[in-house]
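K.L.:
I'm passing along final02.txt; it holds compact mmCIF, C-alpha atoms and all ligand atoms.
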# COMPACT_ATOMS: atom_id res chain seq x y z
CA MET A 1 117.04 93.89 97.02
CA LEU A 2 119.19 96.97 96.69
CA ASN A 3 122.41 97.11 98.66
CA ASP A 4 122.39 98.69 102.08
CA PRO A 5 124.74 101.69 101.85
CA PHE A 6 125.51 101.34 105.58
CA THR A 7 127.50 98.24 106.51
CA TYR A 8 129.93 97.24 109.22
CA GLN A 9 133.48 97.23 107.95
CA ALA A 10 136.08 95.92 110.42
CA GLY A 11 133.50 96.34 113.18
CA VAL A 12 132.68 99.98 112.42
CA LEU A 13 129.48 101.10 110.75
CA SER A 14 130.43 102.74 107.48
CA CYS A 15 128.70 104.72 104.79
CA GLU A 16 129.95 103.55 101.39
CA GLY A 17 133.72 103.62 102.01
CA VAL A 18 133.82 105.93 105.03
CA ALA A 19 133.68 104.88 108.69
CA LEU A 20 131.08 106.84 110.64
CA ASP A 21 133.38 107.35 113.63
CA SER A 22 135.76 109.29 111.42
CA ILE A 23 132.88 111.46 110.24
CA ALA A 24 131.93 112.12 113.87
CA THR A 25 135.52 113.09 114.67
CA GLU A 26 135.83 115.42 111.71
CA PHE A 27 132.36 116.99 111.62
CA GLY A 28 131.04 116.48 115.14
CA THR A 29 127.60 115.22 116.15
CA PRO A 30 124.70 115.23 115.58
CA THR A 31 125.25 114.88 111.84
CA TYR A 32 123.11 113.56 109.03
CA VAL A 33 125.13 111.25 106.78
CA TYR A 34 123.84 110.49 103.28
CA ALA A 35 125.11 107.90 100.80
CA LYS A 36 125.32 109.24 97.26
CA HIS A 37 125.37 105.87 95.50
CA GLY A 38 122.59 104.56 97.70
CA ILE A 39 120.38 107.43 96.53
CA LEU A 40 121.40 106.97 92.90
CA SER A 41 120.70 103.23 92.97
CA ARG A 42 117.22 103.84 94.33
CA PHE A 43 116.50 106.49 91.73
CA SER A 44 117.82 104.15 89.03
CA ALA A 45 115.49 101.41 90.25
CA TYR A 46 112.63 103.63 89.09
CA GLU A 47 114.32 104.46 85.79
CA ASN A 48 115.08 100.79 85.10
CA ALA A 49 111.62 99.58 86.05
CA LEU A 50 110.03 102.16 83.75
CA SER A 51 112.17 101.50 80.71
CA GLY A 52 110.08 101.20 77.58
CA LEU A 53 107.23 103.23 79.08
CA PRO A 54 107.01 106.95 78.34
CA HIS A 55 107.69 108.41 81.77
CA ARG A 56 109.14 111.17 83.90
CA ILE A 57 110.31 110.65 87.46
CA CYS A 58 109.94 113.79 89.56
CA TYR A 59 111.76 113.38 92.86
CA SER A 60 109.64 114.84 95.64
CA VAL A 61 111.85 117.61 96.98
CA LYS A 62 110.15 117.84 100.34
CA ALA A 63 111.55 114.45 101.43
CA ASN A 64 115.09 115.86 101.47
CA SER A 65 115.80 119.18 99.83
CA ASN A 66 119.51 119.55 100.48
CA LEU A 67 121.22 121.11 97.44
CA ALA A 68 123.83 118.36 97.25
CA ILE A 69 121.14 115.70 96.94
CA LEU A 70 119.12 117.70 94.44
CA ALA A 71 122.28 118.23 92.39
CA VAL A 72 123.08 114.51 92.36
CA LEU A 73 119.57 113.71 91.16
CA ALA A 74 119.52 116.56 88.63
CA LYS A 75 122.73 115.21 87.07
CA GLN A 76 121.02 111.83 86.83
CA GLY A 77 118.22 113.43 84.82
CA ALA A 78 115.57 113.53 87.53
CA GLY A 79 112.60 115.83 87.35
CA PHE A 80 111.32 117.38 90.56
CA ASP A 81 108.02 117.56 92.37
CA ILE A 82 107.79 120.74 94.44
CA VAL A 83 105.25 122.08 96.92
CA SER A 84 106.49 125.66 97.33
CA GLY A 85 108.32 128.51 95.64
CA GLY A 86 111.21 127.85 98.02
CA GLU A 87 111.56 124.33 96.70
CA LEU A 88 111.63 125.66 93.12
CA PHE A 89 114.38 128.07 94.15
CA ARG A 90 116.35 125.13 95.58
CA VAL A 91 115.92 123.06 92.40
CA ILE A 92 117.24 125.94 90.30
CA GLN A 93 120.14 126.57 92.69
CA ALA A 94 121.05 122.89 92.47
CA GLY A 95 121.19 123.00 88.67
CA GLY A 96 117.84 121.26 88.10
CA ASP A 97 115.87 122.06 84.97
CA PRO A 98 112.66 123.98 85.78
CA ARG A 99 111.08 122.42 82.67
CA SER A 100 111.14 119.10 84.54
CA VAL A 101 109.31 120.47 87.57
CA VAL A 102 105.74 119.72 88.61
CA PHE A 103 104.22 122.00 91.24
CA SER A 104 101.94 120.21 93.72
CA GLY A 105 100.32 121.44 96.91
CA VAL A 106 96.96 122.48 98.22
CA GLY A 107 97.68 126.19 98.74
CA LYS A 108 99.87 127.89 96.16
CA THR A 109 100.14 131.67 96.51
CA PRO A 110 99.79 133.99 93.50
CA GLU A 111 103.48 134.92 93.95
CA GLU A 112 104.50 131.27 93.80
CA ILE A 113 102.38 130.68 90.71
CA ARG A 114 103.94 133.71 88.99
CA PHE A 115 107.47 132.61 89.91
CA ALA A 116 106.82 129.10 88.60
CA LEU A 117 105.39 130.39 85.32
CA GLU A 118 108.30 132.77 84.86
CA GLN A 119 110.66 129.84 85.35
CA ARG A 120 108.66 127.84 82.79
CA ILE A 121 108.00 124.78 84.91
CA HIS A 122 106.50 121.70 83.29
CA SER A 123 103.08 121.78 84.94
CA PHE A 124 100.90 122.46 87.94
CA ASN A 125 99.02 119.77 89.85
CA CYS A 126 95.93 121.75 90.86
CA GLU A 127 93.81 120.99 93.86
CA SER A 128 90.86 123.40 93.61
CA GLU A 129 88.87 125.46 91.13
CA SER A 130 90.03 128.71 92.73
CA GLU A 131 93.63 127.69 92.20
CA ILE A 132 92.92 126.89 88.54
CA GLU A 133 91.37 130.36 88.15
CA TRP A 134 94.47 131.98 89.65
CA ILE A 135 96.77 130.08 87.32
CA SER A 136 94.61 130.99 84.33
CA LYS A 137 94.64 134.66 85.30
CA ILE A 138 98.38 134.89 85.95
CA ALA A 139 99.31 132.85 82.86
CA THR A 140 97.12 135.10 80.73
CA GLU A 141 98.78 138.22 82.18
CA LEU A 142 102.18 136.76 81.32
CA GLY A 143 101.02 135.73 77.85
CA GLN A 144 101.70 132.08 78.62
CA THR A 145 99.86 128.80 78.47
CA ALA A 146 100.16 126.87 81.73
CA SER A 147 100.05 123.10 81.55
CA ILE A 148 97.89 121.75 84.32
CA ALA A 149 96.78 118.47 85.79
CA ILE A 150 94.02 118.22 88.36
CA ARG A 151 94.81 116.24 91.45
CA VAL A 152 91.90 113.98 92.12
CA ASN A 153 91.12 112.19 95.28
CA PRO A 154 90.41 108.59 94.28
CA ASP A 155 88.88 107.75 97.68
CA VAL A 156 91.28 104.87 98.30
CA ASP A 157 92.40 104.08 101.81
CA ALA A 158 96.17 104.06 101.85
CA VAL A 159 96.30 102.12 105.16
CA THR A 160 99.22 104.05 106.57
CA HIS A 161 99.67 106.44 109.47
CA PRO A 162 96.70 108.87 109.53
CA TYR A 163 99.04 111.88 109.20
CA ILE A 164 100.51 110.59 105.93
CA SER A 165 97.32 109.24 104.39
CA THR A 166 95.93 111.72 101.85
CA GLY A 167 93.65 109.87 99.45
CA LEU A 168 90.32 109.73 101.29
CA ARG A 169 87.42 112.04 100.53
CA GLU A 170 87.60 113.49 104.02
CA HIS A 171 91.16 114.76 103.44
CA LYS A 172 91.98 118.31 102.38
CA PHE A 173 93.86 117.14 99.28
CA GLY A 174 92.70 117.07 95.69
CA VAL A 175 89.29 117.23 94.05
CA ASP A 176 86.75 114.46 94.64
CA ILE A 177 87.09 112.05 91.73
CA HIS A 178 83.30 112.00 91.38
CA ALA A 179 83.24 115.76 90.85
CA ALA A 180 86.32 115.78 88.62
CA GLU A 181 84.64 115.84 85.22
CA ALA A 182 82.71 118.98 86.13
CA THR A 183 85.93 120.62 87.37
CA TYR A 184 87.79 119.65 84.19
CA THR A 185 84.97 120.94 82.00
CA ARG A 186 84.92 124.30 83.77
CA ALA A 187 88.73 124.56 83.63
CA ALA A 188 88.63 123.89 79.89
CA GLN A 189 86.68 127.13 79.43
CA LEU A 190 89.38 129.27 81.03
CA PRO A 191 92.08 131.04 78.99
CA GLY A 192 95.80 130.44 79.38
CA LEU A 193 95.57 126.77 80.30
CA ALA A 194 96.49 123.50 78.64
CA ILE A 195 94.64 120.81 80.53
CA GLU A 196 96.82 117.79 79.93
CA GLY A 197 97.04 115.70 83.04
CA VAL A 198 95.40 113.82 85.83
CA SER A 199 97.26 113.38 89.09
CA CYS A 200 96.79 111.76 92.45
CA HIS A 201 98.85 111.02 95.54
CA ILE A 202 97.14 108.85 98.11
CA GLY A 203 99.65 108.78 100.92
CA SER A 204 103.09 107.80 102.01
CA GLN A 205 105.00 104.83 103.43
CA LEU A 206 102.92 102.25 101.53
CA LEU A 207 104.70 98.93 101.96
CA ASP A 208 101.98 97.24 99.93
CA PRO A 209 101.37 98.79 96.49
CA ASP A 210 97.79 97.49 96.26
CA PRO A 211 96.18 100.83 97.20
CA LEU A 212 98.38 102.59 94.61
CA LEU A 213 97.27 100.13 91.93
CA GLN A 214 93.66 100.52 92.98
CA ALA A 215 94.01 104.31 92.71
CA ALA A 216 95.71 103.93 89.32
CA GLY A 217 92.74 101.89 88.09
CA LYS A 218 90.26 104.53 89.18
CA VAL A 219 92.30 107.38 87.72
CA ILE A 220 92.76 105.58 84.39
CA GLU A 221 89.00 105.21 84.13
CA LEU A 222 88.74 108.95 84.70
CA VAL A 223 91.28 109.60 81.93
CA LYS A 224 89.06 107.64 79.53
CA ARG A 225 85.98 109.59 80.54
CA LEU A 226 87.83 112.90 80.14
CA ARG A 227 89.10 111.93 76.71
CA ALA A 228 85.53 111.10 75.75
CA LEU A 229 84.76 114.72 76.65
CA ASN A 230 87.47 115.78 74.18
CA LEU A 231 90.02 116.73 76.82
CA PRO A 232 93.47 115.82 75.46
CA ILE A 233 94.90 114.10 78.55
CA ARG A 234 98.56 113.14 78.00
CA TYR A 235 99.97 112.77 81.49
CA LEU A 236 99.07 110.43 84.29
CA ASP A 237 100.78 111.34 87.56
CA LEU A 238 100.43 108.74 90.31
CA GLY A 239 102.34 110.71 92.94
CA GLY A 240 104.78 109.09 95.35
CA GLY A 241 104.18 106.92 98.33
CA LEU A 242 106.15 103.69 98.09
CA GLY A 243 107.40 102.75 101.53
CA VAL A 244 110.72 101.67 102.95
CA PRO A 245 111.53 99.12 105.65
CA TYR A 246 112.00 101.02 108.92
CA ARG A 247 111.84 97.83 111.01
CA PRO A 248 113.89 94.73 110.32
CA GLY A 249 110.67 92.75 109.65
CA ASP A 250 109.16 95.28 107.19
CA ARG A 251 108.85 94.04 103.62
CA ALA A 252 108.53 96.87 101.14
CA ALA A 253 107.42 95.86 97.66
CA PRO A 254 110.28 96.54 95.25
CA VAL A 255 109.72 99.32 92.74
CA ASN A 256 109.82 96.93 89.78
CA THR A 257 107.10 94.72 91.27
CA PHE A 258 104.86 97.76 91.51
CA ILE A 259 105.67 98.93 87.98
CA GLU A 260 105.22 95.46 86.48
CA ARG A 261 101.74 95.31 87.96
CA LEU A 262 101.00 98.82 86.70
CA ARG A 263 102.31 98.29 83.17
CA PRO A 264 99.37 96.26 81.77
CA LYS A 265 96.92 98.91 82.98
CA LEU A 266 98.71 101.53 80.85
CA GLU A 267 98.97 99.49 77.69
CA GLY A 268 97.71 101.21 74.57
CA LEU A 269 96.70 104.36 76.45
CA ASN A 270 99.38 106.61 75.03
CA LEU A 271 99.96 108.31 78.38
CA THR A 272 103.21 109.57 79.85
CA LEU A 273 103.47 108.17 83.36
CA MET A 274 104.76 110.55 85.99
CA LEU A 275 105.82 109.44 89.45
CA GLU A 276 106.83 111.60 92.41
CA PRO A 277 108.79 109.35 94.75
CA GLY A 278 110.40 110.98 97.76
CA ARG A 279 110.91 108.68 100.73
CA SER A 280 111.76 105.60 98.67
CA VAL A 281 114.60 107.47 96.93
CA VAL A 282 116.37 108.88 99.98
CA ALA A 283 115.18 107.35 103.29
CA GLU A 284 117.46 104.33 103.44
CA SER A 285 120.52 106.28 102.35
CA GLY A 286 120.61 108.51 105.42
CA VAL A 287 121.41 108.12 109.10
CA LEU A 288 121.46 110.59 111.93
CA LEU A 289 124.73 110.14 113.75
CA ALA A 290 124.54 110.98 117.46
CA ARG A 291 126.76 110.62 120.51
CA VAL A 292 125.66 109.28 123.87
CA LEU A 293 125.88 112.09 126.44
CA LEU A 294 124.91 110.04 129.48
CA VAL A 295 123.03 107.02 130.66
CA LYS A 296 120.70 107.34 133.62
CA ARG A 297 118.19 105.28 135.53
CA ASN A 298 114.88 106.67 136.84
CA GLY A 299 113.06 104.09 138.93
CA GLU A 300 112.75 101.02 136.76
CA LYS A 301 113.67 102.75 133.51
CA ASN A 302 116.93 103.30 131.72
CA PHE A 303 117.47 106.39 129.63
CA VAL A 304 120.16 106.85 127.02
CA ILE A 305 120.48 110.58 126.49
CA VAL A 306 122.05 111.50 123.17
CA ASP A 307 123.14 114.81 121.67
CA ALA A 308 120.52 114.67 118.89
CA ALA A 309 116.94 115.54 119.70
CA MET A 310 113.43 115.88 118.34
CA ASN A 311 114.36 119.21 116.78
CA ASP A 312 116.82 117.29 114.57
CA LEU A 313 114.55 114.32 113.76
CA ILE A 314 110.90 114.68 114.69
CA ARG A 315 109.48 111.53 113.07
CA PRO A 316 109.23 109.48 116.29
CA ALA A 317 107.40 112.31 118.06
CA LEU A 318 105.20 113.29 115.10
CA TYR A 319 104.29 109.93 113.59
CA GLN A 320 105.24 107.45 116.33
CA ALA A 321 107.77 106.37 113.74
CA HIS A 322 110.20 103.56 114.40
CA HIS A 323 113.89 104.04 113.59
CA GLU A 324 116.45 101.33 114.17
CA ILE A 325 119.24 102.55 116.43
CA VAL A 326 122.57 100.79 116.14
CA PRO A 327 126.02 101.30 117.67
CA VAL A 328 128.68 102.62 115.33
CA ARG A 329 131.27 100.31 116.92
CA GLN A 330 130.17 96.71 117.12
CA CYS A 331 132.61 95.49 119.74
CA GLY A 332 132.51 96.13 123.48
CA HIS A 333 128.73 95.76 123.65
CA GLU A 334 128.43 92.15 124.75
CA SER A 335 125.65 92.86 127.24
CA HIS A 336 122.27 94.39 126.39
CA PHE A 337 119.69 96.40 128.28
CA ARG A 338 116.31 97.97 127.64
CA ALA A 339 116.20 101.76 127.48
CA ASP A 340 114.49 104.84 126.13
CA VAL A 341 116.73 106.76 123.75
CA VAL A 342 116.00 110.44 124.25
CA GLY A 343 117.35 113.88 123.42
CA PRO A 344 118.02 116.86 125.68
CA VAL A 345 114.92 118.87 124.64
CA CYS A 346 112.41 119.81 127.35
CA GLU A 347 109.51 117.73 126.01
CA THR A 348 108.40 114.25 126.98
CA GLY A 349 107.86 113.71 123.26
CA ASP A 350 111.60 114.10 122.72
CA PHE A 351 112.49 110.46 122.13
CA PHE A 352 113.93 108.31 119.37
CA ALA A 353 112.94 104.96 120.87
CA ARG A 354 111.08 103.69 123.92
CA GLY A 355 111.79 100.48 125.79
CA ARG A 356 114.28 99.49 123.09
CA GLU A 357 116.63 96.54 123.52
CA LEU A 358 120.07 98.08 123.04
CA PRO A 359 123.71 97.14 123.48
CA ALA A 360 124.97 98.43 126.82
CA VAL A 361 126.23 101.78 125.58
CA LYS A 362 128.17 104.27 127.66
CA PRO A 363 128.79 108.01 127.46
CA GLY A 364 130.84 108.95 124.42
CA ASP A 365 129.65 106.01 122.30
CA LEU A 366 128.29 106.77 118.85
CA LEU A 367 124.87 105.66 117.69
CA ALA A 368 123.36 105.71 114.22
CA ILE A 369 119.64 106.39 113.94
CA ARG A 370 118.87 104.61 110.72
CA THR A 371 116.58 105.26 107.74
CA ALA A 372 116.68 108.99 108.41
CA GLY A 373 117.33 110.28 104.88
CA ALA A 374 113.70 111.26 104.25
CA TYR A 375 111.61 113.69 106.31
CA GLY A 376 114.55 114.07 108.66
CA PHE A 377 116.55 117.27 108.28
CA VAL A 378 113.73 118.94 106.30
CA LEU A 379 111.51 118.79 109.37
CA SER A 380 114.22 120.02 111.74
CA SER A 381 113.91 123.21 113.74
CA ASN A 382 115.82 125.36 116.18
CA TYR A 383 113.54 124.46 119.09
CA ASN A 384 115.28 125.01 122.43
CA SER A 385 117.69 127.24 120.46
CA ARG A 386 119.59 124.23 119.24
CA PRO A 387 121.68 124.91 116.12
CA ARG A 388 120.63 122.51 113.40
CA PRO A 389 122.97 119.62 112.62
CA CYS A 390 125.58 119.25 109.94
CA GLU A 391 124.74 117.25 106.80
CA VAL A 392 127.35 115.36 104.82
CA LEU A 393 127.13 113.47 101.55
CA VAL A 394 129.44 110.48 101.18
CA ASP A 395 130.57 109.62 97.67
CA GLY A 396 132.66 106.44 97.80
CA ASN A 397 135.64 107.41 99.97
CA ASP A 398 134.95 111.14 99.89
CA VAL A 399 132.91 113.20 102.30
CA HIS A 400 131.31 116.42 101.09
CA ILE A 401 129.81 118.93 103.54
CA ALA A 402 126.28 119.31 102.27
CA ARG A 403 125.35 121.80 105.00
CA ARG A 404 127.65 123.10 107.67
CA ARG A 405 126.53 122.84 111.27
CA GLU A 406 124.69 125.97 112.38
CA GLN A 407 126.44 128.33 114.77
CA PHE A 408 124.87 130.40 117.54
CA ALA A 409 124.87 133.39 115.18
CA ASP A 410 122.57 131.47 112.83
CA LEU A 411 120.03 131.21 115.63
CA ILE A 412 119.38 134.95 115.75
CA ARG A 413 119.82 135.78 112.06
CA GLY A 414 117.09 138.23 111.08
CA GLU A 415 116.09 138.98 114.67
CA SER A 416 116.41 142.32 116.37
CA ALA A 417 116.17 143.20 120.04
C1 LIG B 1 104.89 114.10 99.77
C2 LIG B 1 104.46 113.94 98.37
C3 LIG B 1 105.12 113.04 97.52
C4 LIG B 1 106.23 112.13 97.99
O1 LIG B 1 105.75 111.10 98.80
P1 LIG B 1 106.71 109.94 99.32
O2 LIG B 1 105.83 109.12 100.18
O3 LIG B 1 107.81 110.58 100.06
O4 LIG B 1 107.18 109.18 98.12
C5 LIG B 1 104.73 112.99 96.21
N1 LIG B 1 103.74 113.78 95.74
C6 LIG B 1 103.07 114.65 96.52
C7 LIG B 1 101.99 115.48 95.95
C8 LIG B 1 103.41 114.75 97.87
O5 LIG B 1 102.75 115.61 98.65
The structure given in the file should be rewritten as structure tokens.
Ligand SMILES: *Cc1c(COP(=O)(O)O)cnc(C)c1O
P.N.:
Amino acid sequence: MLNDPFTYQAGVLSCEGVALDSIATEFGTPTYVYAKHGILSRFSAYENALSGLPHRICYSVKANSNLAILAVLAKQGAGFDIVSGGELFRVIQAGGDPRSVVFSGVGKTPEEIRFALEQRIHSFNCESESEIEWISKIATELGQTASIAIRVNPDVDAVTHPYISTGLREHKFGVDIHAAEATYTRAAQLPGLAIEGVSCHIGSQLLDPDPLLQAAGKVIELVKRLRALNLPIRYLDLGGGLGVPYRPGDRAAPVNTFIERLRPKLEGLNLTLMLEPGRSVVAESGVLLARVLLVKRNGEKNFVIVDAAMNDLIRPALYQAHHEIVPVRQCGHESHFRADVVGPVCETGDFFARGRELPAVKPGDLLAIRTAGAYGFVLSSNYNSRPRPCEVLVDGNDVHIARRREQFADLIRGESA
């Protein structure tokens, strides 16, 4: 078990060495608070588990793309998995090395492909023959050889929420594993390409690594068939997907358990293993700090209305996701009640918890919405013309502003009447 970066110290929930109430006082609420060492320890868990295996860990930028977090991971030697030109721009701005970047995604534009080639990224994970043709054409124009992998769909059921399951044949992602050899053979005839990899990504929030291992087995068999066709496959990219415990009872398989079960499958294959973890690197090291605005009762129901809303953290509304919600100050909450925790946005879907047993909070109290480091801020919006929250990165006893709170002026930037 890795240490929880958020612990109560003298009755106050703290991130590393900093009490969250002091962060609320200094930076206001709502605010995302991230723990630098929590993120590093989770990234290191991958590095440690993979020692002795040729590998490259490409942090999936879409989980949390704040520059401060990308910079921390870049300094630690992480590669990056991107799904847009904008994410490549962020990686470069954060000091990441483009040569460690893999470009995934089902719909890359010609402009994005050109930008990525100009920046000399490591490789493209391709999801269709038309995309491969585009890359071939643009690489040829630039006089380059683009390294590509084809993302195959291993037809494994990831048994997760339907919106984050991606590995079934019916999904839009990847190329059907049964059609893959034909796709590889056609790609091998195109100029400007080095066809060196096989990739897959079957879904997200997998607490049980069995589906990932099953997919790995199928993809390894494909690698052998491709090599038999004289395709020099060097890279095996198994994507991301390991889950994190959102509920107290959730048991997520530790990274090293997964890798130890994977290791024998890779023996003697002379493949570089690539992984693209996102959620499992950052989720547990973030909270959304919010303040209770008011508590009200409608009929039989209690509502705790906080100053954060679905525009700040949409996971409960989008995926029916569970987030633990805990008081920042432990004392003074001897009694409990059952309540919906909701934001001020004009949508019934604007909730963080429904019918949740909570300490009897009152207006002004601070709450921490836990496990919000992944797919939190990145999915935020300005809905209801709400400025997006502040983000801070805690490093021991220091607090760094990773993104200042938006002002009203930010809301209309680029608009004209
Ligand atoms: C989203 C995504 C990831 C990261 O998934 P996590 O579940 O956050 O680890 C990795 N690879 C690809 C291609 C993705 O789309």
K.L.:
Starting from 6 Å padding per side, set up an axis-aligned box that covers all listed atoms of ligand LIG 1 (chain B) and hand over centre and edge lengths in Å, one decimal, as lines of an AutoDock Vina configuration file.
P.N.:
center_x = 104.9
center_y = 112.4
center_z = 98.0
size_x = 17.8
size_y = 18.5
size_z = 16.4
K.L.:
Have a look at A:His400, A:Arg225, A:His122, A:Arg279 and name the one nearest to ligand LIG 1 (chain B); count only C-alpha atoms and all ligand atoms.
P.N.:
A:Arg279
K.L.:
Would you name the residues within 10 Å of ligand LIG 1 (chain B), counting all atoms listed in the file, and put them as a PyMOL selection string?
P.N.:
chain A and resi 58-64+80-83+102-106+125+151+164-166+173-174+199-206+237-244+275-283+374-375
K.L.:
Can you measure CA of Leu40 in chain A to CA of Leu73 in chain A for me? One decimal in Å is fine.
P.N.:
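Going from CA of Leu40 in chain A over to CA of Leu73 in chain A, I get 7.2 Å.
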K.L.:
Residues around (120.0, 109.6, 130.2), cut-off 10 Å, counting all atoms listed in the file - what are they as an mmCIF file with C-alpha atoms, in the frame of the given file?
P.N.:
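Contents of the output file result15.cif:
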data_model
loop_
_atom_site.group_PDB
_atom_site.id
_atom_site.type_symbol
_atom_site.label_atom_id
_atom_site.label_comp_id
_atom_site.auth_asym_id
_atom_site.auth_seq_id
_atom_site.Cartn_x
_atom_site.Cartn_y
_atom_site.Cartn_z
ATOM 1 C CA VAL A 292 125.660 109.280 123.870
ATOM 2 C CA LEU A 293 125.880 112.090 126.440
ATOM 3 C CA LEU A 294 124.910 110.040 129.480
ATOM 4 C CA VAL A 295 123.030 107.020 130.660
ATOM 5 C CA LYS A 296 120.700 107.340 133.620
ATOM 6 C CA ARG A 297 118.190 105.280 135.530
ATOM 7 C CA ASN A 298 114.880 106.670 136.840
ATOM 8 C CA LYS A 301 113.670 102.750 133.510
ATOM 9 C CA ASN A 302 116.930 103.300 131.720
ATOM 10 C CA PHE A 303 117.470 106.390 129.630
ATOM 11 C CA VAL A 304 120.160 106.850 127.020
ATOM 12 C CA ILE A 305 120.480 110.580 126.490
ATOM 13 C CA VAL A 306 122.050 111.500 123.170
ATOM 14 C CA ALA A 339 116.200 101.760 127.480
ATOM 15 C CA ASP A 340 114.490 104.840 126.130
ATOM 16 C CA VAL A 341 116.730 106.760 123.750
ATOM 17 C CA VAL A 342 116.000 110.440 124.250
ATOM 18 C CA GLY A 343 117.350 113.880 123.420
ATOM 19 C CA PRO A 344 118.020 116.860 125.680
ATOM 20 C CA PRO A 363 128.790 108.010 127.460
#
K.L.:
Go ahead and compute the interatomic distance for CA of Ser65 in chain A and CA of Leu393 in chain A, in Å to one decimal.
P.N.:
12.8 Å
K.L.:
Considering all atoms listed in the file, return as a VMD selection string whatever protein or nucleic-acid residues lie within 9 Å of Glu133 in chain A, sequence-local ones (same chain, fewer than 5 positions apart) excluded.
P.N.:
chain A and resid 128 138 187 190
K.L.:
Any chance you can output those residues with C-alpha atoms as a PDB file, in the coordinates of the input?
P.N.:
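The result, stored in result24.pdb:
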ATOM      1  CA  SER A 128      90.860 123.400  93.610  1.00  0.00           C
ATOM      2  CA  ILE A 138      98.380 134.890  85.950  1.00  0.00           C
ATOM      3  CA  ALA A 187      88.730 124.560  83.630  1.00  0.00           C
ATOM      4  CA  LEU A 190      89.380 129.270  81.030  1.00  0.00           C
TER       5      LEU A 190
END
K.L.:
Work out how far CA of Ala353 in chain A is from CA of Ala19 in chain A, in Å to one decimal.
P.N.:
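Interatomic distance, CA of Ala19 in chain A to CA of Ala353 in chain A: 24.1 Å.
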K.L.:
If we count only C-alpha atoms and set the cut-off at 10 Å, which residues sit around Gln93 in chain A, ignoring sequence neighbours fewer than 6 positions away in its own chain? Please answer as a ChimeraX atom specification.
P.N.:
/A:67,70-71,87
K.L.:
Find the residues around Gln407 in chain A up to 12 Å (all atoms listed in the file counted), leave out those fewer than 4 positions away in its own chain, and share them as a list in words.
P.N.:
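The residues satisfying every condition are Asn382, Ser385, Arg386, Pro387, Arg388, Pro389, Cys390, Arg403, Leu411, Ile412 and Arg413 of chain A.
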K.L.:
Next, dump the selected residues to file, keeping only C-alpha atoms, as a PDB file, in the coordinates of the input.
P.N.:
ATOM      1  CA  ASN A 382     115.820 125.360 116.180  1.00  0.00           C
ATOM      2  CA  SER A 385     117.690 127.240 120.460  1.00  0.00           C
ATOM      3  CA  ARG A 386     119.590 124.230 119.240  1.00  0.00           C
ATOM      4  CA  PRO A 387     121.680 124.910 116.120  1.00  0.00           C
ATOM      5  CA  ARG A 388     120.630 122.510 113.400  1.00  0.00           C
ATOM      6  CA  PRO A 389     122.970 119.620 112.620  1.00  0.00           C
ATOM      7  CA  CYS A 390     125.580 119.250 109.940  1.00  0.00           C
ATOM      8  CA  ARG A 403     125.350 121.800 105.000  1.00  0.00           C
ATOM      9  CA  LEU A 411     120.030 131.210 115.630  1.00  0.00           C
ATOM     10  CA  ILE A 412     119.380 134.950 115.750  1.00  0.00           C
ATOM     11  CA  ARG A 413     119.820 135.780 112.060  1.00  0.00           C
TER      12      ARG A 413
END
K.L.:
In the coordinates of the file, take the point (114.5, 122.4, 112.2) and a cut-off of 10 Å; then, counting only C-alpha atoms, name each qualifying protein, DNA or RNA residue as a list in words.
P.N.:
Met310, Asn311, Asp312, Leu313, Ile314, Gly376, Phe377, Val378, Leu379, Ser380, Ser381, Asn382, Tyr383, Arg386, Pro387, Arg388 and Pro389 of chain A
K.L.:
Those residues you just picked out, can you put them in a file as a PDB file, keeping the file's coordinate frame with C-alpha atoms?
P.N.:
ATOM      1  CA  MET A 310     113.430 115.880 118.340  1.00  0.00           C
ATOM      2  CA  ASN A 311     114.360 119.210 116.780  1.00  0.00           C
ATOM      3  CA  ASP A 312     116.820 117.290 114.570  1.00  0.00           C
ATOM      4  CA  LEU A 313     114.550 114.320 113.760  1.00  0.00           C
ATOM      5  CA  ILE A 314     110.900 114.680 114.690  1.00  0.00           C
ATOM      6  CA  GLY A 376     114.550 114.070 108.660  1.00  0.00           C
ATOM      7  CA  PHE A 377     116.550 117.270 108.280  1.00  0.00           C
ATOM      8  CA  VAL A 378     113.730 118.940 106.300  1.00  0.00           C
ATOM      9  CA  LEU A 379     111.510 118.790 109.370  1.00  0.00           C
ATOM     10  CA  SER A 380     114.220 120.020 111.740  1.00  0.00           C
ATOM     11  CA  SER A 381     113.910 123.210 113.740  1.00  0.00           C
ATOM     12  CA  ASN A 382     115.820 125.360 116.180  1.00  0.00           C
ATOM     13  CA  TYR A 383     113.540 124.460 119.090  1.00  0.00           C
ATOM     14  CA  ARG A 386     119.590 124.230 119.240  1.00  0.00           C
ATOM     15  CA  PRO A 387     121.680 124.910 116.120  1.00  0.00           C
ATOM     16  CA  ARG A 388     120.630 122.510 113.400  1.00  0.00           C
ATOM     17  CA  PRO A 389     122.970 119.620 112.620  1.00  0.00           C
TER      18      PRO A 389
END
